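K.L.:
JSON, C-alpha atoms and all ligand atoms, saved as input.json, coming up:
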```json
[["chain", "number", "residue", "atom", "x", "y", "z"],
["A", 1, "MET", "CA", 7.99, 5.59, 78.59],
["A", 2, "LYS", "CA", 7.90, 1.92, 77.76],
["A", 3, "PHE", "CA", 11.31, 1.02, 76.42],
["A", 4, "GLU", "CA", 9.89, -1.80, 74.33],
["A", 5, "GLN", "CA", 8.11, 0.94, 72.36],
["A", 6, "ILE", "CA", 11.47, 2.38, 71.35],
["A", 7, "PHE", "CA", 12.51, -0.92, 69.77],
["A", 8, "GLN", "CA", 9.12, -1.20, 68.09],
["A", 9, "ASN", "CA", 9.58, 2.33, 66.71],
["A", 10, "ASN", "CA", 12.98, 1.27, 65.42],
["A", 11, "ARG", "CA", 11.56, -1.75, 63.61],
["A", 12, "GLU", "CA", 8.92, 0.46, 61.99],
["A", 13, "TRP", "CA", 11.55, 3.03, 61.01],
["A", 14, "ILE", "CA", 13.67, 0.34, 59.30],
["A", 15, "GLU", "CA", 10.60, -0.87, 57.41],
["A", 16, "GLU", "CA", 9.76, 2.67, 56.35],
["A", 17, "LYS", "CA", 13.29, 3.35, 55.09],
["A", 18, "LEU", "CA", 13.55, 0.08, 53.18],
["A", 19, "LYS", "CA", 10.19, 0.68, 51.55],
["A", 20, "THR", "CA", 11.56, 3.67, 49.63],
["A", 21, "ASP", "CA", 15.15, 2.41, 49.23],
["A", 22, "SER", "CA", 16.04, -1.24, 49.72],
["A", 23, "ASP", "CA", 19.77, -0.34, 49.82],
["A", 24, "TYR", "CA", 19.31, 2.44, 52.39],
["A", 25, "PHE", "CA", 21.30, 0.84, 55.22],
["A", 26, "LYS", "CA", 23.76, -0.80, 52.85],
["A", 27, "ASN", "CA", 24.62, 2.65, 51.49],
["A", 28, "LEU", "CA", 24.66, 4.21, 54.96],
["A", 29, "SER", "CA", 27.24, 1.68, 56.10],
["A", 30, "LYS", "CA", 29.66, 2.67, 53.33],
["A", 31, "GLY", "CA", 30.76, 5.80, 55.19],
["A", 32, "GLN", "CA", 29.91, 9.43, 55.88],
["A", 33, "ASN", "CA", 30.67, 12.58, 53.95],
["A", 34, "PRO", "CA", 28.96, 15.42, 55.84],
["A", 35, "ASP", "CA", 29.65, 19.02, 54.83],
["A", 36, "ILE", "CA", 28.47, 20.53, 58.13],
["A", 37, "LEU", "CA", 29.59, 20.24, 61.74],
["A", 38, "TYR", "CA", 26.69, 21.24, 64.00],
["A", 39, "ILE", "CA", 27.42, 22.19, 67.61],
["A", 40, "GLY", "CA", 24.20, 22.55, 69.58],
["A", 41, "CYS", "CA", 22.62, 22.27, 73.01],
["A", 42, "SER", "CA", 21.74, 18.91, 74.59],
["A", 43, "ASP", "CA", 18.24, 20.25, 75.34],
["A", 44, "SER", "CA", 15.70, 17.54, 74.41],
["A", 45, "ARG", "CA", 13.58, 20.09, 72.55],
["A", 46, "VAL", "CA", 16.37, 21.14, 70.22],
["A", 47, "THR", "CA", 17.18, 18.46, 67.69],
["A", 48, "ALA", "CA", 19.95, 18.79, 65.16],
["A", 49, "GLU", "CA", 18.95, 17.05, 61.92],
["A", 50, "GLU", "CA", 15.18, 17.33, 62.37],
["A", 51, "LEU", "CA", 14.98, 21.11, 62.63],
["A", 52, "MET", "CA", 17.27, 21.48, 59.59],
["A", 53, "GLY", "CA", 15.48, 18.85, 57.53],
["A", 54, "MET", "CA", 18.75, 16.95, 57.12],
["A", 55, "LYS", "CA", 19.12, 13.20, 56.75],
["A", 56, "PRO", "CA", 21.48, 10.71, 58.42],
["A", 57, "GLY", "CA", 24.94, 11.12, 56.91],
["A", 58, "GLU", "CA", 24.57, 14.84, 56.17],
["A", 59, "VAL", "CA", 25.56, 16.49, 59.47],
["A", 60, "PHE", "CA", 28.29, 15.72, 62.00],
["A", 61, "VAL", "CA", 26.82, 16.57, 65.40],
["A", 62, "HIS", "CA", 28.18, 17.60, 68.79],
["A", 63, "ARG", "CA", 25.83, 18.58, 71.60],
["A", 64, "ASN", "CA", 26.45, 19.63, 75.18],
["A", 65, "ILE", "CA", 24.85, 21.87, 77.80],
["A", 66, "ALA", "CA", 24.43, 25.36, 76.28],
["A", 67, "ASN", "CA", 26.39, 24.59, 73.06],
["A", 68, "MET", "CA", 29.76, 25.46, 74.53],
["A", 69, "VAL", "CA", 33.21, 25.25, 72.92],
["A", 70, "PRO", "CA", 35.66, 25.50, 75.85],
["A", 71, "ASN", "CA", 39.21, 25.13, 74.63],
["A", 72, "THR", "CA", 40.07, 22.66, 77.41],
["A", 73, "ASP", "CA", 37.12, 20.38, 76.61],
["A", 74, "LEU", "CA", 38.67, 17.31, 74.99],
["A", 75, "SER", "CA", 35.33, 16.21, 73.58],
["A", 76, "ALA", "CA", 34.48, 19.44, 71.74],
["A", 77, "MET", "CA", 38.08, 19.91, 70.60],
["A", 78, "SER", "CA", 38.27, 16.32, 69.26],
["A", 79, "VAL", "CA", 35.00, 16.73, 67.39],
["A", 80, "ILE", "CA", 36.24, 19.94, 65.71],
["A", 81, "ASN", "CA", 39.60, 18.37, 64.89],
["A", 82, "TYR", "CA", 38.04, 15.25, 63.38],
["A", 83, "ALA", "CA", 35.37, 17.17, 61.44],
["A", 84, "VAL", "CA", 37.85, 19.66, 59.96],
["A", 85, "ASN", "CA", 40.92, 17.50, 59.37],
["A", 86, "HIS", "CA", 39.36, 14.16, 58.49],
["A", 87, "LEU", "CA", 35.77, 14.72, 57.35],
["A", 88, "LYS", "CA", 36.84, 18.00, 55.68],
["A", 89, "VAL", "CA", 33.58, 19.80, 56.51],
["A", 90, "ASN", "CA", 33.28, 23.24, 54.92],
["A", 91, "HIS", "CA", 30.84, 24.68, 57.46],
["A", 92, "ILE", "CA", 30.78, 24.78, 61.25],
["A", 93, "VAL", "CA", 27.52, 25.85, 62.86],
["A", 94, "VAL", "CA", 27.13, 26.82, 66.51],
["A", 95, "CYS", "CA", 23.40, 26.77, 67.22],
["A", 96, "GLY", "CA", 22.03, 28.10, 70.50],
["A", 97, "HIS", "CA", 18.38, 28.39, 71.45],
["A", 98, "TYR", "CA", 16.15, 30.81, 73.30],
["A", 99, "TYR", "CA", 14.85, 29.49, 76.66],
["A", 100, "CYS", "CA", 18.16, 27.65, 77.20],
["A", 101, "THR", "CA", 18.13, 26.46, 80.80],
["A", 102, "GLY", "CA", 21.93, 26.24, 80.80],
["A", 103, "VAL", "CA", 22.22, 29.93, 79.98],
["A", 104, "LYS", "CA", 19.51, 30.78, 82.50],
["A", 105, "ALA", "CA", 21.25, 28.76, 85.24],
["A", 106, "ALA", "CA", 24.50, 30.63, 84.55],
["A", 107, "MET", "CA", 22.73, 33.94, 85.24],
["A", 108, "GLN", "CA", 21.62, 32.89, 88.72],
["A", 109, "SER", "CA", 23.58, 33.10, 91.96],
["A", 110, "ALA", "CA", 23.55, 29.45, 92.95],
["A", 111, "ASP", "CA", 26.14, 26.81, 93.71],
["A", 112, "LEU", "CA", 25.48, 24.13, 91.11],
["A", 113, "GLY", "CA", 28.36, 21.85, 92.01],
["A", 114, "LEU", "CA", 30.01, 20.19, 89.04],
["A", 115, "LEU", "CA", 28.07, 22.46, 86.70],
["A", 116, "ASN", "CA", 29.84, 25.54, 88.13],
["A", 117, "PRO", "CA", 32.99, 25.31, 85.96],
["A", 118, "TRP", "CA", 30.95, 24.50, 82.84],
["A", 119, "LEU", "CA", 28.50, 27.37, 83.31],
["A", 120, "ARG", "CA", 31.33, 29.71, 84.34],
["A", 121, "ASN", "CA", 32.14, 29.95, 80.64],
["A", 122, "ILE", "CA", 28.75, 31.63, 80.14],
["A", 123, "ARG", "CA", 29.36, 34.01, 83.04],
["A", 124, "ASP", "CA", 32.57, 35.00, 81.24],
["A", 125, "VAL", "CA", 30.48, 35.88, 78.16],
["A", 126, "TYR", "CA", 28.22, 37.98, 80.41],
["A", 127, "ARG", "CA", 31.24, 39.83, 81.80],
["A", 128, "LEU", "CA", 32.50, 40.59, 78.28],
["A", 129, "TYR", "CA", 29.15, 42.14, 77.32],
["A", 130, "LYS", "CA", 28.07, 43.40, 80.73],
["A", 131, "ASP", "CA", 27.37, 46.97, 79.62],
["A", 132, "GLU", "CA", 25.16, 45.92, 76.70],
["A", 133, "LEU", "CA", 23.30, 43.30, 78.76],
["A", 134, "ASN", "CA", 22.78, 45.45, 81.85],
["A", 135, "ALA", "CA", 21.24, 48.16, 79.65],
["A", 136, "ILE", "CA", 18.39, 45.75, 78.76],
["A", 137, "ASP", "CA", 15.59, 46.14, 81.33],
["A", 138, "ASP", "CA", 13.36, 43.30, 80.19],
["A", 139, "GLU", "CA", 14.65, 40.07, 81.78],
["A", 140, "GLU", "CA", 13.54, 37.84, 78.91],
["A", 141, "ALA", "CA", 15.10, 40.11, 76.30],
["A", 142, "LYS", "CA", 18.33, 40.20, 78.31],
["A", 143, "TYR", "CA", 18.37, 36.43, 78.57],
["A", 144, "ASN", "CA", 17.71, 36.06, 74.83],
["A", 145, "ARG", "CA", 20.52, 38.45, 74.03],
["A", 146, "LEU", "CA", 22.91, 36.46, 76.25],
["A", 147, "VAL", "CA", 21.91, 33.32, 74.31],
["A", 148, "GLU", "CA", 22.91, 35.15, 71.08],
["A", 149, "LEU", "CA", 26.15, 36.54, 72.50],
["A", 150, "ASN", "CA", 27.04, 33.12, 73.86],
["A", 151, "VAL", "CA", 26.63, 31.67, 70.35],
["A", 152, "GLN", "CA", 28.88, 34.42, 69.01],
["A", 153, "GLU", "CA", 31.58, 33.78, 71.62],
["A", 154, "GLN", "CA", 31.47, 30.01, 71.04],
["A", 155, "CYS", "CA", 31.93, 30.70, 67.31],
["A", 156, "VAL", "CA", 34.95, 32.80, 68.25],
["A", 157, "ASN", "CA", 36.22, 29.85, 70.31],
["A", 158, "VAL", "CA", 35.87, 27.67, 67.21],
["A", 159, "LEU", "CA", 37.92, 30.24, 65.27],
["A", 160, "LYS", "CA", 40.64, 30.17, 67.92],
["A", 161, "THR", "CA", 41.56, 26.57, 67.09],
["A", 162, "ALA", "CA", 44.53, 25.89, 64.80],
["A", 163, "GLU", "CA", 42.73, 23.49, 62.46],
["A", 164, "VAL", "CA", 39.88, 25.95, 61.84],
["A", 165, "GLN", "CA", 42.26, 28.87, 61.22],
["A", 166, "LYS", "CA", 44.14, 26.75, 58.69],
["A", 167, "ALA", "CA", 40.99, 25.52, 56.94],
["A", 168, "CYS", "CA", 39.51, 29.04, 56.82],
["A", 169, "ARG", "CA", 42.58, 30.19, 54.94],
["A", 170, "GLU", "CA", 43.15, 27.16, 52.74],
["A", 171, "ARG", "CA", 39.64, 26.18, 51.68],
["A", 172, "ARG", "CA", 37.39, 28.97, 52.92],
["A", 173, "LEU", "CA", 35.77, 26.96, 55.72],
["A", 174, "THR", "CA", 32.90, 29.07, 57.08],
["A", 175, "VAL", "CA", 31.63, 29.43, 60.65],
["A", 176, "HIS", "CA", 27.95, 30.23, 61.27],
["A", 177, "GLY", "CA", 26.15, 31.41, 64.42],
["A", 178, "TRP", "CA", 22.47, 30.45, 64.65],
["A", 179, "VAL", "CA", 19.71, 30.53, 67.23],
["A", 180, "PHE", "CA", 16.72, 28.20, 67.30],
["A", 181, "ASP", "CA", 13.60, 29.92, 68.62],
["A", 182, "ILE", "CA", 11.70, 27.18, 70.44],
["A", 183, "HIS", "CA", 8.65, 29.43, 70.68],
["A", 184, "SER", "CA", 8.16, 29.64, 66.89],
["A", 185, "GLY", "CA", 10.33, 26.79, 65.63],
["A", 186, "LYS", "CA", 12.32, 29.27, 63.55],
["A", 187, "LEU", "CA", 16.01, 28.92, 62.86],
["A", 188, "ILE", "CA", 17.65, 32.36, 62.92],
["A", 189, "ASP", "CA", 20.97, 33.18, 61.29],
["A", 190, "LEU", "CA", 22.67, 35.74, 63.54],
["A", 191, "LYS", "CA", 24.70, 36.88, 60.50],
["A", 192, "ILE", "CA", 27.78, 37.42, 62.62],
["A", 193, "ASP", "CA", 30.51, 39.31, 60.79],
["A", 194, "PHE", "CA", 33.36, 36.87, 61.36],
["A", 195, "ASP", "CA", 35.80, 38.69, 59.07],
["A", 196, "LYS", "CA", 35.55, 41.70, 61.39],
["A", 197, "ILE", "CA", 35.88, 39.54, 64.52],
["A", 198, "LEU", "CA", 38.79, 37.60, 63.03],
["A", 199, "ASN", "CA", 40.64, 40.81, 62.26],
["A", 200, "GLU", "CA", 40.16, 41.93, 65.86],
["A", 201, "ILE", "CA", 41.20, 38.69, 67.55],
["A", 202, "MET", "CA", 43.91, 37.35, 65.26],
["A", 203, "GLU", "CA", 46.54, 39.68, 66.69],
["A", 204, "ILE", "CA", 46.26, 37.65, 69.87],
["A", 205, "TYR", "CA", 44.86, 34.27, 68.85],
["A", 206, "ARG", "CA", 46.61, 33.50, 65.56],
["A", 207, "ILE", "CA", 48.17, 30.04, 65.85],
["A", 208, "VAL", "CA", 48.94, 29.07, 62.26],
["A", 301, "CO", "CO", 20.02, 24.79, 76.04]]
```
Here is a file; write its structure as structure tokens.

P.N.:
Amino acid sequence: MKFEQIFQNNREWIEEKLKTDSDYFKNLSKGQNPDILYIGCSDSRVTAEELMGMKPGEVFVHRNIANMVPNTDLSAMSVINYAVNHLKVNHIVVCGHYYCTGVKAAMQSADLGLLNPWLRNIRDVYRLYKDELNAIDDEEAKYNRLVELNVQEQCVNVLKTAEVQKACRERRLTVHGWVFDIHSGKLIDLKIDFDKILNEIMEIYRIV
């Protein structure tokens, strides 16, 4: 990759934008008012805005390895806090993807150094759903199901935060669990029943 090409691409992109709207960047600099917080994987094949057909200014984005929401991760927690309390987003999406190497790595017995504590969070998801996952013979199907269950559990982690609990009650903020299928390009809504999950977990996790 020639880095000069990147700057050339940028110049062409600016030209393209200004061709249709001469105030494009002037308007962009006025501020942001996104309605969605998207939490996805850092995987280079899984974009945020592009796969949703969204434009700059429309989605607040956080990406990390395997779209995790660990409650001790200052970065993820700050993003959620800022998006909910300051940007006042009404939707939080956790989007995983099939063929996630982070999820695959977590299923293997290997010492991955610094990645161990990060991927441990996925092993914890596996332990929670061990019976269901171990009943799946096909390795690929099992791995895909873990991707889906990991999305579900990260959505639950979102719901465990005080600001989200408050916003869910006060302005009906909604949490969504999605999976991007790299193989077909399709975005799949897992249609997770959060009301049911909330009822089950609130006894323990209610903060506000
Ligand atoms: Co991934």

K.L.:
Collect all residues with atoms no farther than 10 Å from ligand CO 301 (chain A), counting only C-alpha atoms and all ligand atoms, and output them as an NGL selection string.

P.N.:
:A and (40-46 or 63-68 or 95-104 or 147 or 180)

K.L.:
Tell me which of A:Asn150, A:Val93, A:Leu51, A:Ala135 sits closest to Ala106 of chain A, counting all atoms listed in the file.

P.N.:
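Nearest to Ala106 of chain A: A:Asn150.
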
K.L.:
Compile the contact shell of Phe60 of chain A as a PDB file with C-alpha atoms, in the frame of the given file: residues with an atom at most 12 Å away, counting only C-alpha atoms, same-chain residues fewer than 6 positions apart removed.

P.N.:
```pdb
ATOM      1  CA  GLN A  32      29.910   9.430  55.880  1.00  0.00           C
ATOM      2  CA  ASN A  33      30.670  12.580  53.950  1.00  0.00           C
ATOM      3  CA  PRO A  34      28.960  15.420  55.840  1.00  0.00           C
ATOM      4  CA  ASP A  35      29.650  19.020  54.830  1.00  0.00           C
ATOM      5  CA  ILE A  36      28.470  20.530  58.130  1.00  0.00           C
ATOM      6  CA  LEU A  37      29.590  20.240  61.740  1.00  0.00           C
ATOM      7  CA  TYR A  38      26.690  21.240  64.000  1.00  0.00           C
ATOM      8  CA  ILE A  39      27.420  22.190  67.610  1.00  0.00           C
ATOM      9  CA  GLY A  40      24.200  22.550  69.580  1.00  0.00           C
ATOM     10  CA  ALA A  48      19.950  18.790  65.160  1.00  0.00           C
ATOM     11  CA  GLU A  49      18.950  17.050  61.920  1.00  0.00           C
ATOM     12  CA  MET A  54      18.750  16.950  57.120  1.00  0.00           C
ATOM     13  CA  VAL A  79      35.000  16.730  67.390  1.00  0.00           C
ATOM     14  CA  ILE A  80      36.240  19.940  65.710  1.00  0.00           C
ATOM     15  CA  ASN A  81      39.600  18.370  64.890  1.00  0.00           C
ATOM     16  CA  TYR A  82      38.040  15.250  63.380  1.00  0.00           C
ATOM     17  CA  ALA A  83      35.370  17.170  61.440  1.00  0.00           C
ATOM     18  CA  VAL A  84      37.850  19.660  59.960  1.00  0.00           C
ATOM     19  CA  HIS A  86      39.360  14.160  58.490  1.00  0.00           C
ATOM     20  CA  LEU A  87      35.770  14.720  57.350  1.00  0.00           C
ATOM     21  CA  LYS A  88      36.840  18.000  55.680  1.00  0.00           C
ATOM     22  CA  VAL A  89      33.580  19.800  56.510  1.00  0.00           C
ATOM     23  CA  ASN A  90      33.280  23.240  54.920  1.00  0.00           C
ATOM     24  CA  HIS A  91      30.840  24.680  57.460  1.00  0.00           C
ATOM     25  CA  ILE A  92      30.780  24.780  61.250  1.00  0.00           C
ATOM     26  CA  VAL A  93      27.520  25.850  62.860  1.00  0.00           C
TER      27      VAL A  93
END
```

K.L.:
Do you know which residues are at most 12 Å from Phe25 of chain A counting all atoms listed in the file, after dropping those on the same chain fewer than 3 positions away, and could you put them as a PyMOL selection string?

P.N.:
chain A and resi 13-22+28-31+56-57

K.L.:
Have a look at A:Glu203, A:Glu163, A:Glu148, A:Asp189 and name the one nearest to Asn85 of chain A; count all atoms listed in the file.

P.N.:
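Closest residue, counting all atoms listed in the file: A:Glu163.
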